$ cat my_file07.txt   # compact mmCIF, C-alpha atoms
# COMPACT_ATOMS: atom_id res chain seq x y z
CA MET V 932 65.27 57.86 118.07
CA PRO V 933 66.86 60.40 120.42
CA ILE V 934 70.15 61.81 119.34
CA GLU V 935 72.96 61.13 121.75
CA VAL V 936 74.63 64.50 121.62
CA ASN V 937 77.21 63.49 124.15
CA ALA V 938 78.15 60.27 122.37
CA ASP V 939 81.86 59.69 122.10
CA THR V 940 81.86 59.69 118.36
CA THR V 941 80.24 61.63 115.60
CA SER V 942 79.45 58.51 113.58
CA SER V 943 76.01 58.25 115.16
CA ILE V 944 75.28 61.85 114.23
CA ALA V 945 76.93 62.06 110.87
CA ALA V 946 75.93 58.60 109.61
CA ALA V 947 73.20 60.00 107.39
CA ALA V 948 75.30 62.84 106.02
CA LYS V 949 75.46 62.86 102.25
CA SER V 950 78.99 63.88 101.63
CA GLU V 951 81.05 61.79 104.04
CA PRO V 952 84.71 61.77 103.36
CA ALA V 953 85.57 58.24 102.27
CA ILE V 954 88.12 58.02 105.03
CA VAL V 955 85.61 58.03 107.93
CA SER V 956 85.11 54.63 109.54
CA PRO V 957 83.40 53.30 112.70
CA PRO V 958 84.89 54.26 116.03
CA GLN V 959 85.99 50.77 116.93
CA ALA V 960 88.25 50.60 113.91
CA ALA V 961 92.00 50.75 114.43
CA LYS V 962 93.07 54.02 115.95
CA LEU V 963 95.44 56.29 114.12
CA VAL V 964 99.09 56.25 114.83
CA PRO V 965 100.23 59.66 116.10
CA LEU V 966 100.82 62.26 113.46
CA PRO V 967 104.51 62.97 113.39
CA PRO V 968 105.71 66.32 112.10
CA PRO V 969 105.99 66.12 108.33
CA LYS V 970 109.36 64.72 107.43
CA GLN V 971 110.86 63.13 104.39
CA ASP V 972 111.77 59.48 104.50
CA PRO V 973 115.18 58.59 103.13
CA ALA V 974 116.13 56.70 99.99
CA PRO V 975 114.47 53.56 98.53
CA ALA V 976 115.11 50.27 100.28
CA ALA V 977 115.88 48.42 97.08
CA GLU V 978 119.43 49.66 96.74
CA SER V 979 122.34 47.38 97.61
CA ALA V 980 126.02 48.18 98.07
CA PRO V 981 127.95 48.86 94.88
CA THR V 982 130.04 45.98 93.55
CA PRO V 983 133.63 46.71 92.53
CA ASP V 984 133.10 46.32 88.78
CA ALA V 985 129.77 48.20 88.67
CA PRO V 986 129.72 51.62 87.06
CA THR V 987 128.83 54.81 88.85
CA PHE V 988 125.71 53.59 90.62
CA ALA V 989 124.52 50.58 92.55
CA VAL V 990 123.13 47.64 90.63
CA THR V 991 119.55 46.95 91.66
CA PRO V 992 118.76 43.29 91.08
CA ALA V 993 115.01 43.79 90.85
CA VAL V 994 113.10 46.39 88.93
CA TYR V 995 110.81 48.37 91.19
CA ILE V 996 108.61 50.87 89.47
CA PRO V 997 105.50 52.05 91.32
CA ILE V 998 102.48 52.22 89.08
CA PRO V 999 99.29 54.18 89.79
CA GLN V 1000 96.94 52.41 92.17
CA PRO V 1001 93.58 53.47 93.54
CA ARG V 1002 94.02 55.76 96.51
CA PRO V 1003 94.51 53.63 99.62
CA GLU V 1004 91.84 53.90 102.25
CA TYR V 1005 94.09 54.76 105.17
CA PRO V 1006 96.59 57.59 105.17
CA GLN V 1007 99.30 55.39 106.69
CA ALA V 1008 99.13 52.71 103.98
CA LYS V 1009 102.56 51.68 102.77
CA ALA V 1010 103.48 52.44 99.19
CA ARG V 1011 103.15 49.28 97.12
CA VAL V 1012 105.60 48.38 94.41
CA ILE V 1013 105.08 46.10 91.45
CA HIS V 1014 107.59 43.98 89.62
CA THR V 1015 107.62 44.67 85.95
CA GLY V 1016 109.52 42.94 83.22
CA MET V 1017 111.10 44.66 80.28
CA LYS V 1018 111.74 43.30 76.84
CA LEU V 1019 114.52 44.84 74.78
CA ALA V 1020 114.39 45.48 71.07
CA ALA V 1021 115.99 42.74 68.96
CA GLY V 1022 118.97 44.91 68.06
CA GLY V 1023 119.95 45.69 71.62
CA TYR V 1024 121.19 49.02 72.92
CA ALA V 1025 124.47 50.83 73.02
CA ASP V 1026 126.23 50.40 76.34
CA GLY V 1027 125.97 53.25 78.73
CA VAL V 1028 123.97 54.92 81.44
CA TYR V 1029 120.70 56.51 80.41
CA THR V 1030 118.54 58.80 82.52
CA GLY V 1031 114.87 59.05 81.73
CA PRO V 1032 112.78 62.21 82.12
CA ALA V 1033 111.07 62.93 85.41
CA ALA V 1034 107.59 61.54 84.89
CA ASP V 1035 104.32 62.04 86.71
CA ALA V 1036 103.40 58.70 88.23
CA TYR V 1037 100.13 60.14 89.65
CA TYR V 1038 101.36 59.89 93.22
CA GLY V 1039 104.41 61.95 92.48
CA ILE V 1040 107.44 62.13 90.27
CA ILE V 1041 109.58 59.17 89.30
CA GLN V 1042 112.79 59.19 87.35
CA ILE V 1043 114.63 56.11 86.17
CA GLN V 1044 118.21 55.60 85.19
CA ALA V 1045 119.08 52.54 83.08
CA LEU V 1046 122.37 50.70 82.79
CA VAL V 1047 123.01 48.93 79.54
CA GLN V 1048 125.89 46.48 79.40
CA GLY V 1049 126.69 44.19 76.52
CA GLY V 1050 123.70 45.53 74.64
CA ARG V 1051 121.35 44.44 77.38
CA LEU V 1052 119.51 46.22 80.10
CA THR V 1053 121.15 44.98 83.25
CA ALA V 1054 119.95 47.32 85.94
CA LEU V 1055 117.59 50.14 86.67
CA LYS V 1056 117.93 52.70 89.36
CA VAL V 1057 115.13 54.87 90.68
CA LEU V 1058 116.48 58.41 91.01
CA LYS V 1059 113.26 59.99 92.17
CA TYR V 1060 110.20 58.19 93.40
CA PRO V 1061 106.94 59.11 95.13
CA ASN V 1062 107.93 58.66 98.76
CA ASP V 1063 104.52 59.16 100.25
CA ARG V 1064 100.97 58.75 99.14
CA ARG V 1065 99.90 62.32 98.58
CA THR V 1066 98.57 64.33 95.73
CA SER V 1067 100.90 67.09 94.74
CA VAL V 1068 99.12 70.39 94.61
CA SER V 1069 100.09 72.01 91.42
CA ILE V 1070 98.12 74.70 89.77
CA ASN V 1071 97.79 74.09 86.07
CA ARG V 1072 97.49 77.73 85.13
CA GLN V 1073 97.16 77.09 81.42
CA ALA V 1074 94.09 74.96 81.97
CA LEU V 1075 92.31 77.54 84.09
CA PRO V 1076 90.15 80.36 82.77
CA MET V 1077 91.29 83.93 83.29
CA LEU V 1078 89.70 85.21 86.47
CA ARG V 1079 88.64 88.83 86.26
CA ASP V 1080 88.84 90.95 89.34
CA GLU V 1081 86.46 93.70 90.41
CA ALA V 1082 86.47 96.56 92.87
CA ILE V 1083 84.60 95.80 96.07
CA SER V 1084 81.64 98.03 96.81
CA ALA V 1085 79.07 98.24 99.55
CA GLN V 1086 75.90 96.24 98.96
CA SER V 1087 72.61 96.19 100.78
CA ALA V 1088 73.09 94.98 104.32
CA ASP V 1089 69.61 93.41 104.31
CA VAL V 1090 70.89 89.83 104.54
CA ASP V 1091 69.97 86.91 106.80
CA ILE V 1092 73.51 85.94 107.77
CA ILE V 1093 77.01 87.44 107.61
CA SER V 1094 80.21 85.62 106.74
CA GLY V 1095 83.53 87.10 107.72
CA ALA V 1096 86.36 86.83 110.20
CA THR V 1097 85.42 87.34 113.83
CA LEU V 1098 87.05 88.51 117.01
CA THR V 1099 88.65 86.05 119.39
CA SER V 1100 86.89 85.30 122.64
CA LYS V 1101 89.32 87.47 124.61
CA ALA V 1102 88.82 90.44 122.34
CA PHE V 1103 85.08 89.83 122.29
CA ILE V 1104 84.83 89.75 126.04
CA GLN V 1105 87.09 92.77 126.46
CA SER V 1106 85.10 94.67 123.92
CA LEU V 1107 81.79 93.65 125.46
CA GLY V 1108 83.11 94.45 128.93
CA GLY V 1109 84.20 97.90 127.80
CA ALA V 1110 80.84 98.55 126.19
CA LEU V 1111 78.97 97.46 129.30
CA LYS V 1112 81.18 99.67 131.42
CA LYS V 1113 80.34 102.64 129.23
CA ALA V 1114 76.71 101.67 129.27
CA SER V 1115 76.60 101.59 133.04
CA SER V 1116 78.44 104.89 133.63
CA MET F 1390 86.61 78.45 119.71
CA GLY F 1391 84.78 80.76 122.05
CA MET F 1392 83.11 82.59 119.21
CA PRO F 1393 79.61 83.95 118.74
CA ILE F 1394 77.17 81.38 117.37
CA THR F 1395 73.83 82.14 115.73
CA VAL F 1396 71.16 79.52 115.12
CA GLU F 1397 67.83 79.93 113.43
CA LEU F 1398 65.49 76.95 113.12
CA GLY F 1399 62.24 76.95 111.20
CA GLY F 1400 59.23 76.37 113.42
CA SER F 1401 60.86 74.41 116.20
CA ALA F 1402 60.75 74.19 119.95
CA ASP F 1403 63.44 75.78 122.13
CA ASP F 1404 64.81 72.47 123.28
CA LEU F 1405 66.32 71.71 119.87
CA VAL F 1406 68.11 75.08 119.89
CA GLY F 1407 69.32 74.16 123.39
CA LYS F 1408 70.64 70.83 122.08
CA VAL F 1409 72.59 72.63 119.35
CA PHE F 1410 74.20 75.04 121.82
CA ASP F 1411 74.94 72.17 124.19
CA TYR F 1412 76.68 70.41 121.32
CA PHE F 1413 78.87 73.46 120.64
CA ASP F 1414 79.67 73.75 124.36
CA GLY F 1415 80.89 70.18 124.30
CA VAL F 1416 83.02 70.84 121.23
CA ASP F 1417 84.56 73.88 122.93
CA ARG F 1418 85.33 71.91 126.10
CA ARG F 1419 87.11 69.30 124.03
CA PHE F 1420 88.86 71.33 121.35
CA SER F 1421 89.56 74.79 122.74
CA THR F 1422 93.29 75.51 122.87
CA TYR F 1423 92.44 78.36 125.26
CA ARG F 1424 91.14 75.94 127.89
CA PRO F 1425 93.87 74.15 129.86
CA ASP F 1426 91.39 71.39 130.78
CA SER F 1427 90.42 70.58 127.18
CA GLU F 1428 91.36 67.31 125.55
CA ILE F 1429 93.49 69.09 122.95
CA SER F 1430 95.44 70.96 125.64
CA ALA F 1431 96.05 67.71 127.49
CA ILE F 1432 97.20 66.05 124.26
CA ASN F 1433 99.62 68.90 123.60
CA ARG F 1434 101.04 68.52 127.10
CA GLY F 1435 101.63 64.84 126.34
CA ASP F 1436 99.11 63.73 128.95
CA ILE F 1437 97.01 61.51 126.65
CA PRO F 1438 98.42 58.72 124.49
CA VAL F 1439 96.81 58.28 121.08
CA ARG F 1440 95.07 55.06 122.11
CA ASP F 1441 93.09 57.08 124.65
CA TRP F 1442 92.04 59.89 122.34
CA SER F 1443 88.27 60.29 122.04
CA GLY F 1444 86.44 59.19 118.91
CA GLN F 1445 85.65 62.82 118.11
CA MET F 1446 89.32 63.82 118.40
CA ILE F 1447 90.35 60.98 116.09
CA ASP F 1448 87.64 61.96 113.62
CA VAL F 1449 88.98 65.53 113.48
CA MET F 1450 92.62 64.43 113.29
CA ARG F 1451 91.82 62.06 110.44
CA ILE F 1452 90.12 64.81 108.43
CA ALA F 1453 93.04 67.16 109.20
CA GLU F 1454 95.53 64.63 107.87
CA GLN F 1455 93.44 64.03 104.75
CA THR F 1456 93.29 67.79 104.16
CA ARG F 1457 97.02 68.13 104.69
CA ARG F 1458 97.63 65.58 101.95
CA GLU F 1459 95.07 67.07 99.59
CA THR F 1460 96.59 70.55 99.93
CA ASP F 1461 100.24 69.55 99.75
CA GLY F 1462 100.81 70.70 103.30
CA TYR F 1463 99.23 74.13 102.96
CA PHE F 1464 96.70 72.96 105.52
CA ASP F 1465 98.60 71.66 108.51
CA ILE F 1466 97.42 71.62 112.09
CA HIS F 1467 100.97 71.46 113.43
CA ARG F 1468 102.01 74.80 114.87
CA PRO F 1469 105.65 75.89 114.44
CA ASP F 1470 106.28 74.94 118.07
CA GLY F 1471 105.05 71.39 117.40
CA ALA F 1472 101.67 71.70 119.14
CA LEU F 1473 98.52 70.53 117.39
CA ASP F 1474 95.84 73.12 116.75
CA PRO F 1475 92.88 71.74 114.81
CA SER F 1476 90.83 74.98 115.02
CA GLY F 1477 91.03 75.41 111.24
CA ILE F 1478 88.85 72.36 110.87
CA VAL F 1479 86.88 72.07 114.13
CA LYS F 1480 84.61 75.00 113.33
CA GLY F 1481 83.34 73.59 110.03
CA TRP F 1482 83.23 70.05 111.42
CA ALA F 1483 81.16 71.13 114.43
CA ILE F 1484 78.72 73.17 112.36
CA ARG F 1485 78.29 70.24 109.98
CA ASN F 1486 77.49 67.91 112.89
CA ALA F 1487 75.13 70.43 114.48
CA ALA F 1488 73.29 70.72 111.15
CA GLU F 1489 72.88 66.96 111.15
CA ILE F 1490 71.33 67.11 114.63
CA VAL F 1491 68.82 69.61 113.25
CA ARG F 1492 68.05 67.58 110.12
CA ARG F 1493 67.52 64.41 112.12
CA ALA F 1494 64.91 66.30 114.12
CA ASP F 1495 63.12 66.81 110.79
CA ILE F 1496 63.82 70.53 110.56
CA GLY F 1497 64.55 71.42 106.94
CA ASP F 1498 64.67 75.23 107.21
CA PHE F 1499 67.58 76.43 109.30
CA PHE F 1500 70.92 78.08 109.44
CA ILE F 1501 73.81 77.70 111.85
CA GLU F 1502 76.56 80.32 111.86
CA ALA F 1503 79.67 80.13 114.02
CA GLY F 1504 82.67 82.39 113.64
CA GLY F 1505 81.62 83.49 110.17
CA ASP F 1506 81.16 79.95 108.82
CA ILE F 1507 77.66 78.92 107.81
CA GLN F 1508 75.59 75.85 107.07
CA SER F 1509 72.03 76.50 105.93
CA GLY F 1510 69.17 74.43 104.60
CA GLY F 1511 65.80 75.15 103.11
CA ARG F 1512 64.43 78.71 103.22
CA ASN F 1513 64.09 81.65 105.54
CA ALA F 1514 60.92 82.76 107.32
CA SER F 1515 59.84 84.74 104.25
CA GLY F 1516 60.04 81.62 102.10
CA ARG F 1517 63.13 82.83 100.21
CA ASP F 1518 66.59 81.32 99.88
CA TRP F 1519 68.85 82.24 102.79
CA SER F 1520 71.04 85.22 101.94
CA VAL F 1521 74.61 85.53 103.16
CA GLY F 1522 76.52 88.80 103.13
CA ILE F 1523 80.32 88.82 102.85
CA ARG F 1524 81.79 91.33 105.24
CA ASN F 1525 83.99 94.15 103.92
CA PRO F 1526 87.41 93.47 105.46
CA PHE F 1527 88.22 97.22 105.42
CA HIS F 1528 84.91 98.37 106.81
CA THR F 1529 83.50 95.58 108.88
CA ASP F 1530 79.98 96.95 109.16
CA GLU F 1531 79.58 96.88 105.38
CA ILE F 1532 78.63 94.00 103.10
CA VAL F 1533 80.47 93.74 99.77
CA LYS F 1534 78.74 90.70 98.28
CA VAL F 1535 75.49 88.84 98.76
CA VAL F 1536 75.29 85.12 98.02
CA HIS F 1537 72.53 82.52 98.21
CA PRO F 1538 74.26 79.26 99.12
CA ARG F 1539 71.13 77.07 98.60
CA GLY F 1540 72.20 74.31 100.94
CA HIS F 1541 75.93 74.68 100.32
CA GLY F 1542 78.35 75.56 103.11
CA VAL F 1543 80.15 78.92 103.37
CA ALA F 1544 83.44 79.70 105.12
CA THR F 1545 85.57 82.84 105.17
CA SER F 1546 89.25 82.91 106.08
CA GLY F 1547 90.75 86.27 106.84
CA THR F 1548 93.42 88.16 108.67
CA TYR F 1549 91.75 91.48 109.32
CA ALA F 1550 90.04 90.86 112.63
CA ARG F 1551 92.56 88.70 114.44
CA GLY F 1552 95.74 89.74 112.75
CA GLN F 1553 98.07 87.11 111.34
CA HIS F 1554 96.49 84.01 112.80
CA ILE F 1555 96.88 82.08 109.57
CA TYR F 1556 100.39 81.32 108.47
CA ASN F 1557 101.89 79.43 105.56
CA PRO F 1558 103.14 76.13 106.96
CA ARG F 1559 105.77 76.04 104.25
CA ALA F 1560 107.18 79.45 105.22
CA PRO F 1561 105.98 80.13 108.75
CA HIS F 1562 107.70 83.46 109.16
CA ASP F 1563 106.47 85.05 105.94
CA PRO F 1564 103.34 87.08 106.62
CA ILE F 1565 100.49 86.53 104.19
CA SER F 1566 100.10 90.16 103.28
CA ASP F 1567 98.70 90.30 99.78
CA ILE F 1568 95.22 88.91 100.49
CA VAL F 1569 92.90 89.73 103.37
CA SER F 1570 89.80 87.58 102.93
CA LEU F 1571 88.85 84.40 101.09
CA THR F 1572 85.27 83.13 101.10
CA VAL F 1573 84.71 79.57 99.94
CA ILE F 1574 81.40 77.91 99.04
CA GLY F 1575 81.57 74.11 99.23
CA SER F 1576 79.22 71.14 99.20
CA ASP F 1577 79.01 71.50 103.00
CA VAL F 1578 80.53 73.81 105.59
CA LEU F 1579 83.30 71.37 106.50
CA GLU F 1580 84.50 71.22 102.90
CA ALA F 1581 84.31 75.01 102.66
CA ASP F 1582 86.15 75.52 105.96
CA ARG F 1583 89.04 73.13 105.42
CA PHE F 1584 89.80 74.40 101.95
CA ALA F 1585 89.32 78.07 102.85
CA THR F 1586 92.02 77.73 105.49
CA ALA F 1587 94.43 75.95 103.14
CA ALA F 1588 93.78 78.20 100.17
CA PHE F 1589 94.27 81.34 102.24
CA ALA F 1590 97.74 80.12 103.20
CA MET F 1591 98.60 79.96 99.48
CA GLY F 1592 98.20 83.71 99.11
CA ARG F 1593 96.96 84.93 95.77
CA ASP F 1594 97.29 81.43 94.26
CA GLY F 1595 94.57 80.29 96.66
CA ILE F 1596 91.79 81.47 94.37
CA LEU F 1597 93.33 79.43 91.54
CA PHE F 1598 93.43 76.38 93.79
CA ILE F 1599 89.71 76.87 94.52
CA GLU F 1600 88.98 77.39 90.80
CA GLN F 1601 90.73 74.13 90.05
CA MET F 1602 88.75 72.12 92.63
CA PRO F 1603 85.52 70.90 91.04
CA GLU F 1604 83.13 71.36 93.98
CA LEU F 1605 84.37 74.65 95.35
CA GLU F 1606 83.75 78.28 94.45
CA GLY F 1607 85.47 81.26 96.02
CA TYR F 1608 85.71 85.02 96.41
CA LEU F 1609 89.08 86.52 97.21
CA ILE F 1610 89.63 90.06 98.48
CA ASP F 1611 93.15 91.47 98.35
CA SER F 1612 94.92 94.25 100.18
CA ASN F 1613 94.23 96.64 97.28
CA ARG F 1614 90.47 96.21 97.76
CA ARG F 1615 90.17 94.20 94.54
CA ALA F 1616 88.08 91.04 94.60
CA THR F 1617 88.42 87.95 92.41
CA PRO F 1618 85.56 85.46 92.10
CA THR F 1619 86.04 81.96 90.68
CA SER F 1620 84.30 81.33 87.38
CA GLY F 1621 81.30 79.55 88.96
CA PHE F 1622 80.87 81.92 91.90
CA GLY F 1623 78.42 84.17 90.08
CA ALA F 1624 75.80 81.41 90.09
CA PHE F 1625 75.49 81.86 93.86
CA CYS F 1626 75.00 85.61 93.55
CA GLN F 1627 71.66 85.27 91.78
CA SER F 1628 68.64 85.35 94.04
$ encode --input "my_file07.txt" --output "structure tokens"
Amino acid sequence: MPIEVNADTTSSIAAAAKSEPAIVSPPQAAKLVPLPPPKQDPAPAAESAPTPDAPTFAVTPAVYIPIPQPRPEYPQAKARVIHTGMKLAAGGYADGVYTGPAADAYYGIIQIQALVQGGRLTALKVLKYPNDRRTSVSINRQALPMLRDEAISAQSADVDIISGATLTSKAFIQSLGGALKKASS
Amino acid sequence: MGMPITVELGGSADDLVGKVFDYFDGVDRRFSTYRPDSEISAINRGDIPVRDWSGQMIDVMRIAEQTRRETDGYFDIHRPDGALDPSGIVKGWAIRNAAEIVRRADIGDFFIEAGGDIQSGGRNASGRDWSVGIRNPFHTDEIVKVVHPRGHGVATSGTYARGQHIYNPRAPHDPISDIVSLTVIGSDVLEADRFATAAFAMGRDGILFIEQMPELEGYLIDSNRRATPTSGFGAFCQS
């Protein structure tokens, strides 16, 4: 079957490729929304206005704690949140405001603050939450082997192909032009 | 784009080589930021709404966005002035597609090299694994390492030939001065290219990022002429 090298999409060419990124889909699928410059979205939507007799933070009627989900197929997928219930120990808790540690929720860091009133958990507030679906790049240095360095030294140049940075087209043409000028003089 | 391209195909007719070069010409016409009549230049002028972007442009933009997420923003095709410049991914993407054109024509022995990035398959004319030399950044007609990628893709990011064309998107005005060259070997040339660009922007930590990624190996050269291979890189140095 002849290859349509001028086809509008690479799907016809790359369809047999072994290592397709999972994100590639047929050309007639929904087009991407434009890529805005990276910016941070503001605070969670779950918060409501503080009531007069509430303590220092807003009471959130529902408990929203994102839990790890399989990576969504499209980069613009909304973050999903899951209701969870919490059961308290029989003896209850001392009243107060408690802040949990910042925890790795796979998609980012979450941190929860709990309000206990009358020995009961009455509200949770999310202090930090994963606000977009991205993997944080962190380098876990302790888990990596020590990498030893070496001095570079010239090797045999008898190779098939060379990998390295190259000149830009302008520089290439200028350089070639200069060489040809010399060659013709 | 606008870079030298070298293609070698085992035992094939000239018209397949012509098809490969035609493909690269088409990629250049669409993606070159140096051409005012390219699709990317028109997009950056605001002349083309997203719904009218070509399938190829969307393909590249989608991979760029995926790479941006996977590298915590160290790969980002947004320039400081807000324009989009997907060159850091188009090279590897185009070579990968050109290699597929060659494979679908039942050619198993080949290499395609564009701008220092390489996809190879099979063996050379002497029946041996293709050999790739890594250029010495300080003496560009010397080779400092020889690798045998055996079907893997190879990409090198560097500053020495073009000056500071790679910047750290998280600190655009800080020059990346401590490293000069990072070669990445990946499962294919697109994987190698996209992560070589991102890892280079991380400075010295880039080689640790490559070490941490399961399907990538790398070779970093710093401004003191010291080189650091990842722990699995040596396997590619054996012939």
$ residues_around --input "my_file07.txt" --residues "region 1501-1509 of chain F" --least-positions-apart "2" --cutoff "9 Å" --atoms "only C-alpha atoms" --output "MDAnalysis selection string"
(chainID V and resid 1092:1098) or (chainID F and resid 1390:1398 1480:1481 1484:1485 1487:1488 1498:1499 1511:1512 1519 1521 1538:1546 1577:1579 1581:1582)
$ residues_around --input "my_file07.txt" --residues "region 1070-1076 of chain V" --least-positions-apart "4" --cutoff "12 Å" --atoms "all atoms listed in the file" --output "list of chain:residue names"
V:Thr1066, F:Thr1460, F:Asp1461, F:Ala1588, F:Met1591, F:Arg1593, F:Asp1594, F:Gly1595, F:Ile1596, F:Leu1597, F:Phe1598, F:Ile1599, F:Glu1600, F:Gln1601, F:Met1602, F:Pro1603, F:Pro1618, F:Thr1619, F:Ser1620, F:Gly1621
$ write_last_selection --input "my_file07.txt" --atoms "C-alpha atoms" --output "short mmCIF file (atom, residue, chain, number, x, y, z; two decimals), keeping the file's coordinate frame"
data_model
loop_
_atom_site.label_atom_id
_atom_site.label_comp_id
_atom_site.auth_asym_id
_atom_site.auth_seq_id
_atom_site.Cartn_x
_atom_site.Cartn_y
_atom_site.Cartn_z
CA THR V 1066 98.57 64.33 95.73
CA THR F 1460 96.59 70.55 99.93
CA ASP F 1461 100.24 69.55 99.75
CA ALA F 1588 93.78 78.20 100.17
CA MET F 1591 98.60 79.96 99.48
CA ARG F 1593 96.96 84.93 95.77
CA ASP F 1594 97.29 81.43 94.26
CA GLY F 1595 94.57 80.29 96.66
CA ILE F 1596 91.79 81.47 94.37
CA LEU F 1597 93.33 79.43 91.54
CA PHE F 1598 93.43 76.38 93.79
CA ILE F 1599 89.71 76.87 94.52
CA GLU F 1600 88.98 77.39 90.80
CA GLN F 1601 90.73 74.13 90.05
CA MET F 1602 88.75 72.12 92.63
CA PRO F 1603 85.52 70.90 91.04
CA PRO F 1618 85.56 85.46 92.10
CA THR F 1619 86.04 81.96 90.68
CA SER F 1620 84.30 81.33 87.38
CA GLY F 1621 81.30 79.55 88.96
#
$ atom_distance --input "my_file07.txt" --atom1 "CA of Gly1592 (chain F)" --atom2 "CA of Pro1558 (chain F)"
12.0 Å
$ atom_distance --input "my_file07.txt" --atom1 "CA of Ser1628 (chain F)" --atom2 "CA of Ala1585 (chain F)"
23.6 Å
$ closest_residue --input "my_file07.txt" --among "F:Gly1547, F:Gly1407, F:Gly1510, F:Gly1399" --to "chain V" --atoms "all atoms listed in the file"
F:Gly1547
